[in-house]
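So this block is model-v4.txt, compact mmCIF, C-alpha atoms:
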```
# COMPACT_ATOMS: atom_id res chain seq x y z
CA MET A 1 -9.74 -1.76 25.87
CA SER A 2 -6.20 -1.18 24.64
CA ASP A 3 -3.29 -3.22 26.03
CA ALA A 4 -1.05 -0.15 25.97
CA PRO A 5 0.44 0.59 29.41
CA HIS A 6 -1.00 4.11 29.51
CA THR A 7 -4.51 2.67 29.20
CA PRO A 8 -6.51 4.33 31.99
CA ALA A 9 -7.60 2.28 34.98
CA SER A 10 -10.15 3.49 37.47
CA SER A 11 -11.52 2.56 40.87
CA GLU A 12 -14.90 3.05 39.23
CA SER A 13 -16.29 1.96 35.89
CA ASP A 14 -16.24 5.36 34.18
CA LEU A 15 -12.93 4.93 32.40
CA VAL A 16 -11.72 8.04 30.66
CA GLY A 17 -8.42 8.64 28.97
CA PHE A 18 -6.26 10.44 26.51
CA ALA A 19 -7.65 11.74 23.23
CA PRO A 20 -4.71 12.49 20.95
CA ASP A 21 -6.09 15.77 19.64
CA GLN A 22 -5.97 17.38 23.10
CA PRO A 23 -3.35 19.98 24.14
CA LEU A 24 -0.59 18.65 26.41
CA SER A 25 -0.32 21.23 29.12
CA SER A 26 -2.55 22.75 31.74
CA PRO A 27 -2.12 26.19 33.33
CA PRO A 28 -1.79 26.78 37.09
CA SER A 29 -4.21 28.76 39.25
CA GLU A 30 -3.72 30.35 42.65
CA GLY A 31 -7.35 29.59 43.59
CA ALA A 32 -9.78 31.76 45.49
CA ALA A 33 -8.82 30.94 49.08
CA GLY A 34 -6.98 33.79 50.78
CA GLU A 35 -6.54 35.79 47.58
CA GLY A 36 -3.40 37.86 47.59
CA ALA A 37 -1.60 35.42 49.86
CA SER A 38 1.04 33.82 47.71
CA VAL A 39 4.78 33.38 47.49
CA GLU A 40 6.96 34.75 44.69
CA ALA A 41 9.76 32.72 43.18
CA LEU A 42 13.44 33.57 43.35
CA GLY A 43 13.51 33.68 39.59
CA SER A 44 16.60 35.62 38.72
CA GLY A 45 19.58 33.42 37.95
CA TYR A 46 18.13 30.30 39.56
CA ASP A 47 15.81 28.92 36.88
CA GLY A 48 13.16 29.44 39.52
CA VAL A 49 13.40 28.21 43.08
CA GLU A 50 11.04 29.20 45.85
CA ASP A 51 11.82 32.13 48.15
CA VAL A 52 11.70 30.26 51.46
CA GLU A 53 13.14 31.70 54.66
CA GLY A 54 16.24 29.75 55.62
CA TYR A 55 16.52 27.92 52.33
CA VAL A 56 19.94 28.05 50.68
CA HIS A 57 19.94 26.70 47.15
CA PRO A 58 22.87 24.24 47.20
CA GLU A 59 23.84 24.73 43.55
CA GLY A 60 23.92 28.49 43.16
CA ALA A 61 22.72 29.96 39.91
CA ALA A 62 21.68 27.34 37.39
CA SER A 63 23.06 29.49 34.61
CA ASP A 64 26.52 29.10 36.14
CA LEU A 65 26.29 25.33 36.33
CA TRP A 66 24.35 24.06 33.37
CA THR A 67 26.39 22.72 30.48
CA PRO A 68 24.50 21.32 27.52
CA PRO A 69 25.11 17.59 27.08
CA THR A 70 27.47 16.57 24.30
CA ALA A 71 26.27 12.98 24.17
CA ASP A 72 23.11 11.07 24.94
CA LEU A 73 22.66 10.82 28.70
CA PRO A 74 21.69 7.40 30.02
CA ASP A 75 18.37 6.89 31.70
CA VAL A 76 19.54 6.13 35.23
CA GLY A 77 16.18 4.49 35.88
CA GLU A 78 17.23 1.54 33.76
CA ALA A 79 19.74 0.67 36.48
CA SER A 80 16.84 -0.17 38.75
CA PHE A 81 15.94 -3.09 36.57
CA GLY A 82 19.46 -4.47 36.05
CA PRO A 83 21.01 -7.45 37.82
CA LEU A 84 22.90 -5.32 40.34
CA PRO A 85 20.63 -2.44 41.24
CA PRO A 86 22.17 0.35 43.28
CA GLN A 87 21.36 1.00 46.90
CA ALA A 88 18.59 3.43 47.59
CA GLU A 89 19.03 6.36 49.91
CA THR A 90 16.61 9.20 49.62
CA VAL A 91 18.63 11.91 51.41
CA HIS A 92 21.99 12.30 49.68
CA GLY A 93 24.73 14.09 51.59
CA PRO A 94 23.65 17.17 53.53
CA ASP A 95 19.88 17.38 53.95
CA ASP A 96 18.80 20.49 52.03
CA ARG A 97 15.14 20.42 53.03
CA VAL A 98 13.59 23.34 54.86
CA GLN A 99 10.23 23.46 56.59
CA ILE A 100 7.52 25.67 55.15
CA GLY A 101 6.38 27.93 57.95
CA ASP A 102 2.98 28.82 56.52
CA PRO A 103 1.62 26.16 54.13
CA SER A 104 -1.76 27.93 53.97
CA VAL A 105 -0.55 30.31 51.21
CA TYR A 106 -0.10 29.52 47.52
CA PRO A 107 1.76 27.56 46.18
CA TRP A 108 2.13 25.54 49.38
CA ARG A 109 -1.61 25.10 49.86
CA ALA A 110 -1.69 23.37 46.47
CA GLN A 111 0.38 20.59 48.10
CA CYS A 112 -1.40 18.09 50.31
CA SER A 113 -0.75 15.51 52.95
CA LEU A 114 -2.30 12.11 52.16
CA ALA A 115 -3.46 9.56 54.72
CA MET A 116 -4.10 6.36 52.80
CA THR A 117 -5.97 3.26 53.98
CA ALA A 118 -5.27 0.15 51.93
CA ALA A 119 -7.69 -2.69 51.22
CA ASP A 120 -6.41 -4.67 54.23
CA GLY A 121 -6.86 -1.70 56.58
CA SER A 122 -3.14 -0.88 56.76
CA ARG A 123 -2.44 2.85 56.84
CA TRP A 124 0.17 4.85 54.93
CA ILE A 125 1.26 8.43 54.37
CA GLY A 126 2.05 10.11 51.08
CA SER A 127 1.89 13.47 49.32
CA GLY A 128 0.02 14.98 46.42
CA THR A 129 -0.23 18.11 44.30
CA PHE A 130 -3.43 19.74 43.11
CA ILE A 131 -3.73 20.01 39.32
CA GLY A 132 -7.41 21.03 39.39
CA PRO A 133 -10.04 22.04 41.96
CA ARG A 134 -11.02 18.39 42.54
CA THR A 135 -7.97 16.60 41.19
CA VAL A 136 -4.85 15.62 43.15
CA LEU A 137 -1.86 14.27 41.24
CA THR A 138 0.09 11.57 43.06
CA ALA A 139 2.08 8.38 42.53
CA GLY A 140 0.32 5.29 41.22
CA HIS A 141 1.42 3.38 44.31
CA CYS A 142 -0.40 5.93 46.48
CA VAL A 143 -3.74 5.03 44.90
CA TYR A 144 -3.16 1.37 43.95
CA VAL A 145 -1.03 -1.09 45.95
CA LYS A 146 0.90 -3.52 43.76
CA GLY A 147 3.14 -6.40 44.86
CA SER A 148 2.83 -5.83 48.60
CA GLY A 149 3.36 -9.45 49.57
CA VAL A 150 0.48 -9.18 52.05
CA ALA A 151 -2.81 -11.02 51.48
CA GLY A 152 -5.69 -8.63 50.90
CA ARG A 153 -3.54 -5.50 50.60
CA ASP A 154 -3.06 -5.18 46.83
CA GLY A 155 -5.55 -3.18 44.81
CA TRP A 156 -7.14 0.24 44.99
CA MET A 157 -6.78 2.09 48.27
CA ARG A 158 -9.93 1.78 50.35
CA SER A 159 -9.83 5.53 50.98
CA ILE A 160 -7.48 8.51 51.02
CA GLN A 161 -7.86 11.56 53.25
CA VAL A 162 -6.57 14.67 51.46
CA MET A 163 -5.34 17.59 53.60
CA PRO A 164 -4.20 20.67 51.60
CA GLY A 165 -1.84 23.12 53.27
CA ARG A 166 -1.56 20.92 56.36
CA ASN A 167 0.79 22.16 59.08
CA GLY A 168 1.05 19.58 61.85
CA ALA A 169 -2.34 19.30 63.52
CA SER A 170 -3.62 22.41 61.71
CA LEU A 171 -5.77 21.78 58.63
CA PRO A 172 -6.40 25.33 57.30
CA TYR A 173 -8.77 24.10 54.58
CA GLY A 174 -10.08 21.02 56.35
CA SER A 175 -9.91 17.68 54.59
CA GLN A 176 -11.85 15.46 52.22
CA THR A 177 -11.83 11.69 51.90
CA SER A 178 -12.06 10.03 48.52
CA SER A 179 -12.35 6.52 47.14
CA THR A 180 -12.29 7.58 43.48
CA PHE A 181 -8.93 7.10 41.83
CA ARG A 182 -7.35 6.88 38.40
CA SER A 183 -4.14 5.23 37.24
CA VAL A 184 -3.03 3.23 34.20
CA THR A 185 -2.66 -0.47 33.48
CA GLY A 186 1.12 -0.09 33.18
CA TRP A 187 0.98 0.29 36.95
CA THR A 188 -2.19 -1.50 38.09
CA VAL A 189 -1.60 -4.61 35.97
CA SER A 190 2.14 -4.62 35.25
CA GLY A 191 3.50 -2.81 38.32
CA ASN A 192 6.03 -1.05 36.09
CA GLN A 193 7.52 1.95 37.90
CA GLU A 194 7.76 3.81 34.59
CA PHE A 195 3.96 4.06 34.70
CA ASP A 196 3.67 4.84 38.41
CA TYR A 197 1.22 7.75 38.44
CA GLY A 198 -2.39 8.39 39.31
CA VAL A 199 -4.88 10.92 40.56
CA ILE A 200 -7.40 11.26 43.36
CA ILE A 201 -10.80 12.69 42.40
CA LEU A 202 -12.32 14.59 45.31
CA PRO A 203 -16.05 14.76 46.10
CA ALA A 204 -16.00 18.58 46.09
CA SER A 205 -13.73 21.45 45.10
CA PHE A 206 -11.01 22.94 47.26
CA ASN A 207 -10.34 26.60 46.51
CA VAL A 208 -6.64 26.28 47.18
CA GLY A 209 -5.43 26.61 43.59
CA TRP A 210 -3.30 24.17 41.64
CA LEU A 211 -0.07 23.82 39.71
CA GLY A 212 0.11 23.52 35.97
CA PHE A 213 1.66 20.55 34.19
CA TRP A 214 3.49 20.33 30.90
CA ASN A 215 5.18 17.67 28.77
CA PHE A 216 8.41 19.60 28.35
CA SER A 217 11.03 18.48 25.85
CA ASP A 218 14.09 16.47 26.94
CA ALA A 219 16.25 19.59 26.69
CA ASP A 220 13.83 21.67 28.75
CA VAL A 221 13.64 19.02 31.47
CA LEU A 222 17.43 18.59 31.55
CA ALA A 223 17.89 22.34 31.93
CA ALA A 224 15.31 22.60 34.69
CA THR A 225 15.66 23.03 38.40
CA GLY A 226 13.23 20.63 40.03
CA ASN A 227 11.27 21.86 43.05
CA ILE A 228 9.60 19.44 45.48
CA ALA A 229 7.43 20.15 48.52
CA GLY A 230 5.98 17.23 50.43
CA TYR A 231 5.16 15.59 53.73
CA PRO A 232 8.08 13.30 54.71
CA GLY A 233 7.80 10.71 57.46
CA ASP A 234 11.16 11.58 59.02
CA LYS A 235 9.95 15.04 60.11
CA PRO A 236 7.27 16.05 62.65
CA ALA A 237 3.91 14.64 61.59
CA GLY A 238 2.09 16.60 58.92
CA THR A 239 4.76 19.22 58.29
CA LEU A 240 5.61 20.44 54.78
CA TRP A 241 9.23 20.44 53.61
CA TYR A 242 10.82 21.89 50.46
CA ALA A 243 14.02 21.42 48.46
CA ALA A 244 15.20 22.05 44.90
CA ARG A 245 18.00 20.89 42.62
CA ARG A 246 18.80 20.50 38.98
CA VAL A 247 17.55 17.50 37.07
CA ALA A 248 20.27 14.82 36.79
CA SER A 249 18.97 12.84 33.83
CA VAL A 250 15.83 12.24 31.85
CA GLY A 251 14.46 9.24 29.98
CA PRO A 252 11.26 8.78 28.00
CA ARG A 253 9.28 7.90 31.13
CA LYS A 254 11.44 8.79 34.15
CA VAL A 255 13.21 11.86 35.51
CA HIS A 256 16.11 11.57 37.99
CA TYR A 257 17.21 14.29 40.38
CA ASP A 258 19.20 14.71 43.58
CA ILE A 259 16.49 16.51 45.52
CA ASP A 260 16.34 15.21 49.09
CA THR A 261 13.16 13.36 50.05
CA ALA A 262 12.06 10.71 52.56
CA GLY A 263 9.31 8.11 52.90
CA GLY A 264 5.99 9.94 52.74
CA GLN A 265 6.91 12.26 49.88
CA SER A 266 5.75 9.90 47.15
CA GLY A 267 3.26 11.70 44.96
CA SER A 268 4.65 15.22 45.23
CA GLY A 269 4.68 17.06 41.94
CA VAL A 270 8.19 17.92 40.74
CA TYR A 271 7.83 21.34 39.18
CA ARG A 272 9.79 24.06 37.42
CA PHE A 273 9.15 27.69 36.72
CA LEU A 274 8.20 29.07 33.33
CA ASN A 275 7.32 32.76 33.13
CA ASN A 276 7.04 32.74 36.93
CA GLU A 277 4.39 30.00 36.79
CA ARG A 278 4.84 26.56 38.31
CA HIS A 279 4.50 23.56 36.01
CA VAL A 280 4.80 19.91 37.12
CA PHE A 281 7.06 17.82 34.86
CA ALA A 282 7.34 14.67 37.02
CA ILE A 283 5.61 12.90 39.90
CA HIS A 284 8.01 11.97 42.69
CA ALA A 285 7.84 8.25 43.41
CA TYR A 286 11.17 6.54 44.25
CA GLY A 287 14.35 6.85 46.27
CA GLY A 288 17.52 5.73 44.50
CA ALA A 289 21.27 5.32 44.93
CA THR A 290 22.58 8.75 44.09
CA THR A 291 19.40 10.24 42.70
CA ASN A 292 15.70 10.03 43.44
CA SER A 293 13.22 9.70 40.63
CA GLY A 294 9.74 10.38 39.44
CA THR A 295 7.43 9.47 36.61
CA ARG A 296 7.87 11.91 33.75
CA VAL A 297 4.91 13.95 32.52
CA ASN A 298 5.38 12.89 28.90
CA GLY A 299 2.73 13.23 26.22
CA GLU A 300 0.77 10.15 27.27
CA VAL A 301 0.79 11.15 30.94
CA ALA A 302 -0.20 14.74 30.16
CA GLY A 303 -2.98 13.49 27.93
CA ASN A 304 -4.40 11.29 30.66
CA LEU A 305 -4.11 14.05 33.27
CA LEU A 306 -6.02 16.39 30.98
CA ALA A 307 -8.74 13.79 30.54
CA TRP A 308 -8.94 13.10 34.28
CA LYS A 309 -8.76 16.71 35.50
CA VAL A 310 -11.96 18.09 37.07
CA MET B 1 14.15 -13.63 62.72
CA SER B 2 12.52 -15.84 60.14
CA GLY B 3 9.16 -16.90 58.86
CA ALA B 4 8.21 -13.89 56.74
CA PRO B 5 7.44 -14.54 53.09
CA PRO B 6 10.30 -13.43 50.82
CA GLY B 7 10.00 -9.75 50.08
CA LEU B 8 8.30 -8.68 53.28
CA ILE B 9 9.78 -6.90 56.27
CA ALA B 10 7.46 -6.85 59.26
CA GLY B 11 7.71 -6.02 62.92
CA VAL B 12 6.53 -3.93 65.80
CA VAL B 13 7.38 -0.51 67.22
CA ARG B 14 7.44 -0.14 71.02
CA ASP B 15 8.38 2.55 73.46
CA GLN B 16 10.93 2.06 76.24
CA SER B 17 8.30 0.56 78.51
CA GLY B 18 7.53 -2.10 75.94
CA ALA B 19 4.12 -0.66 75.02
CA PRO B 20 3.23 -0.67 71.31
CA VAL B 21 3.35 2.73 69.61
CA GLU B 22 0.44 3.52 67.29
CA ASP B 23 0.84 5.85 64.31
CA ALA B 24 4.63 5.62 64.24
CA ARG B 25 5.93 6.31 60.72
CA VAL B 26 8.07 3.48 59.31
CA TYR B 27 10.00 3.83 56.06
CA PHE B 28 13.14 2.64 54.30
CA THR B 29 16.25 4.80 54.22
CA ASP B 30 18.44 2.26 52.40
CA ALA B 31 17.53 -0.56 50.06
CA PRO B 32 19.11 -2.70 47.33
CA GLY B 33 17.32 -0.71 44.61
CA ALA B 34 14.83 2.03 43.92
CA ILE B 35 12.02 1.95 46.48
CA PRO B 36 8.65 3.69 46.69
CA ASP B 37 8.94 6.80 48.87
CA VAL B 38 5.99 6.06 51.16
CA ALA B 39 5.81 5.47 54.90
CA ALA B 40 3.67 2.96 56.79
CA LEU B 41 1.78 3.94 59.93
CA THR B 42 1.80 1.39 62.73
CA GLY B 43 -1.49 0.01 63.96
CA ALA B 44 -2.80 0.04 67.53
CA ASP B 45 -0.67 -3.06 68.15
CA GLY B 46 2.45 -1.22 66.93
CA CYS B 47 2.76 -3.58 63.97
CA PHE B 48 3.85 -2.75 60.42
CA SER B 49 4.83 -4.59 57.24
CA LEU B 50 6.63 -3.24 54.19
CA ALA B 51 7.26 -4.88 50.83
CA ALA B 52 10.92 -5.65 50.16
CA PRO B 53 10.81 -6.63 46.51
CA LEU B 54 14.55 -7.09 45.96
CA ASP B 55 16.86 -9.49 47.74
CA GLY B 56 19.35 -7.70 49.92
CA THR B 57 19.76 -5.56 52.98
CA TYR B 58 17.30 -2.86 53.95
CA THR B 59 17.61 -0.12 56.54
CA LEU B 60 14.33 1.01 57.97
CA GLU B 61 13.69 3.92 60.27
CA CYS B 62 10.72 4.79 62.41
CA GLY B 63 9.73 8.04 64.00
CA ALA B 64 6.93 9.42 66.11
CA ASP B 65 6.47 12.87 67.56
CA GLY B 66 8.17 13.14 70.96
CA PHE B 67 10.58 10.30 70.25
CA ALA B 68 14.03 10.09 68.70
CA ALA B 69 14.08 8.07 65.48
CA ALA B 70 15.01 4.37 65.71
CA ARG B 71 16.73 2.34 63.01
CA ALA B 72 17.20 -1.30 62.11
CA THR B 73 19.09 -3.01 59.31
CA VAL B 74 17.48 -6.20 58.06
CA ALA B 75 18.13 -8.75 55.32
CA SER B 76 15.05 -9.28 53.20
CA ARG B 77 15.20 -13.04 53.82
CA ASP B 78 15.05 -12.43 57.58
CA GLY B 79 12.36 -9.81 57.47
CA ALA B 80 9.95 -11.06 60.13
CA GLY B 81 9.87 -9.99 63.74
CA VAL B 82 11.77 -6.71 63.49
CA GLU B 83 11.72 -4.91 66.85
CA LEU B 84 12.10 -1.12 66.90
CA THR B 85 12.24 0.70 70.21
CA LEU B 86 11.54 4.43 70.34
CA ARG B 87 13.13 6.49 73.07
CA ALA B 88 11.60 9.73 74.32
CA ARG B 89 13.53 12.84 73.36
```

Whole structure given in structure tokens:
Amino acid sequence: MSDAPHTPASSESDLVGFAPDQPLSSPPSEGAAGEGASVEALGSGYDGVEDVEGYVHPEGAASDLWTPPTADLPDVGEASFGPLPPQAETVHGPDDRVQIGDPSVYPWRAQCSLAMTAADGSRWIGSGTFIGPRTVLTAGHCVYVKGSGVAGRDGWMRSIQVMPGRNGASLPYGSQTSSTFRSVTGWTVSGNQEFDYGVIILPASFNVGWLGFWNFSDADVLAATGNIAGYPGDKPAGTLWYAARRVASVGPRKVHYDIDTAGGQSGSGVYRFLNNERHVFAIHAYGGATTNSGTRVNGEVAGNLLAWKV
Amino acid sequence: MSGAPPGLIAGVVRDQSGAPVEDARVYFTDAPGAIPDVAALTGADGCFSLAAPLDGTYTLECGADGFAAARATVASRDGAGVELTLRAR
């Protein structure tokens, strides 16, 4: 086994991983459930944000605001590892999030509420995004607990209940529980937040569709408006909330953005529009001082996701 | 409040009558550095524990349907025995 931090780790013994000759993107699908029920993007002038009733994009048209960088932008994520890390606050200024009224339609049904049970029996909530009929993309710390400080808690989650399109107590597509997970040794062994990503493999398919993913270039990520929908703990239980903002900075393994989130939204795919299709370019994982951050879908991540996708 | 291992903030969520609240969502809203954006669910005894990997002051919030959110600010070195009381809306 390689010592490289993107070396796949699995809750089972069937390790699979990146083969370098594979393509590095995967297309989305609206799935078969409720065909015809989907939401169009507000594409014109916004670099693609969702058309959600009551949602006011706080930045106006991206084309009015985006100025190409004239110098290398720092990776804000490096500040997290310095001697004086900034304070974390996941909602910055006015809370831009709006509730999704009907999560049973695409693309919302491709987002899911996660109820995780750790090895010690403690229970947690998180979020995930379908990238295949049986594959849910999420944060590494949603599938593998690292550095908890509690005896018996660290390690693979005992189980995760996956609830696509959840709306409070309503589960329009039911739920499945899985104990089959994938991550990489950069997270499971080293606990490095730059490698904080994983997937849940479900026992059976959900016909809810999925988002694509893509290892976009630095320039493409910097020019993007990031969209996040997830299940935050500060809102009524099991409700889906959405917000979007421009990307603030990008590094080789992290993307920073000022999209409002709260505890429970770890694992949501951060996506952008390309030709009116939704493509994940980061996995939301952390709250930060002035920006929140996610693990970037770079070439190694995309390669592993392609190998894991079923 | 003392006795917790360094890097752990633990406590209990109760309602106004003093009864433990199960399935309350507990999460950080402020921390000395980047923090995982997850939330813990309290057990039947109302208890929770969250990793606090960096020295410093953390603000945690808890919420449950039908209650107004409650907050506490805690130093990581005094992270044991946090009491959060939820009040009905």

Return the padded bounding box of region 18-30 of chain B as AutoDock Vina command-line options: axis-aligned, built from all atoms listed in the file, 4 Å added on each side, with centre and edge lengths in Å to one decimal.
```
--center_x 9.4 --center_y 2.1 --center_z 64.2 --size_x 26.0 --size_y 16.4 --size_z 31.5
```

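Taking all atoms listed in the file, the non-local environment of region 9-19 of chain B within 7 Å (same-chain residues fewer than 5 positions away omitted) comprises Gly46, Cys47, Phe48, Ser49, Leu50, Ala51, Ala52, Ser76, Gly79, Ala80, Gly81, Val82, Glu83, Leu84, Thr85, Leu86 and Arg87 of chain B.
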
When you look at region 276-290 of chain A with a cut-off of 7 Å (counting all atoms listed in the file), what residues show up, excluding the ones that are within fewer than 4 positions of it in the same chain? I need them as a ChimeraX atom specification. /A:28,41,86-90,92,138-139,197,211-216,255,258,266-272,294-297 /B:33-37

For a cutoff of 6 Å around the file-coordinate point (16.3, 22.4, 36.2), which residues qualify once you count only C-alpha atoms? I'd like the result as number ranges by chain. A: 223-226, 246-247

Please, which residues are within 9 Å of (8.6, 8.1, 65.8) by the file's coordinates, counting all atoms listed in the file, and could they come as a PDB file with C-alpha atoms, in the coordinates of the input?
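Saved result, result-v2.pdb, follows:
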```pdb
ATOM      1  CA  GLY A 233       7.800  10.710  57.460  1.00  0.00           C
ATOM      2  CA  ASP A 234      11.160  11.580  59.020  1.00  0.00           C
ATOM      3  CA  PRO A 236       7.270  16.050  62.650  1.00  0.00           C
TER       4      PRO A 236
ATOM      5  CA  VAL B  13       7.380  -0.510  67.220  1.00  0.00           C
ATOM      6  CA  VAL B  21       3.350   2.730  69.610  1.00  0.00           C
ATOM      7  CA  ASP B  23       0.840   5.850  64.310  1.00  0.00           C
ATOM      8  CA  ALA B  24       4.630   5.620  64.240  1.00  0.00           C
ATOM      9  CA  ARG B  25       5.930   6.310  60.720  1.00  0.00           C
ATOM     10  CA  VAL B  26       8.070   3.480  59.310  1.00  0.00           C
ATOM     11  CA  GLU B  61      13.690   3.920  60.270  1.00  0.00           C
ATOM     12  CA  CYS B  62      10.720   4.790  62.410  1.00  0.00           C
ATOM     13  CA  GLY B  63       9.730   8.040  64.000  1.00  0.00           C
ATOM     14  CA  ALA B  64       6.930   9.420  66.110  1.00  0.00           C
ATOM     15  CA  ASP B  65       6.470  12.870  67.560  1.00  0.00           C
ATOM     16  CA  GLY B  66       8.170  13.140  70.960  1.00  0.00           C
ATOM     17  CA  PHE B  67      10.580  10.300  70.250  1.00  0.00           C
ATOM     18  CA  ALA B  68      14.030  10.090  68.700  1.00  0.00           C
ATOM     19  CA  ALA B  69      14.080   8.070  65.480  1.00  0.00           C
ATOM     20  CA  ALA B  70      15.010   4.370  65.710  1.00  0.00           C
ATOM     21  CA  LEU B  86      11.540   4.430  70.340  1.00  0.00           C
ATOM     22  CA  ARG B  87      13.130   6.490  73.070  1.00  0.00           C
TER      23      ARG B  87
END
```

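If you look at CA of Pro203 (chain A) and CA of Ser178 (chain A), they are 6.6 Å away from each other.
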
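Our summary of the geometry notes that CA of Leu137 (chain A) is positioned 26.8 Å from CA of Leu60 (chain B).
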
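Rounded to one decimal, CA of Ser249 (chain A) and CA of Val136 (chain A) lie 25.7 Å from each other.
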
Using only C-alpha atoms for the distances, tell me which of A:Phe181, A:Trp124, A:Trp308, A:Phe130 is nearest to Tyr106 (chain A). A:Phe130

So that I can check the surroundings of Ser170 (chain A), please list as an MDAnalysis selection string every protein, DNA and RNA residue that reaches within 12 Å of it, counting only C-alpha atoms and ignoring chain neighbours fewer than 4 positions away. chainID A and resid 102:104 113 163:166 174:175 237:240

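Of the residues listed (A:Asn167, A:Pro107, A:His57, A:Phe273), A:Pro107 shows the shortest atom-to-atom separation from Ile131 (chain A); distances use only C-alpha atoms.
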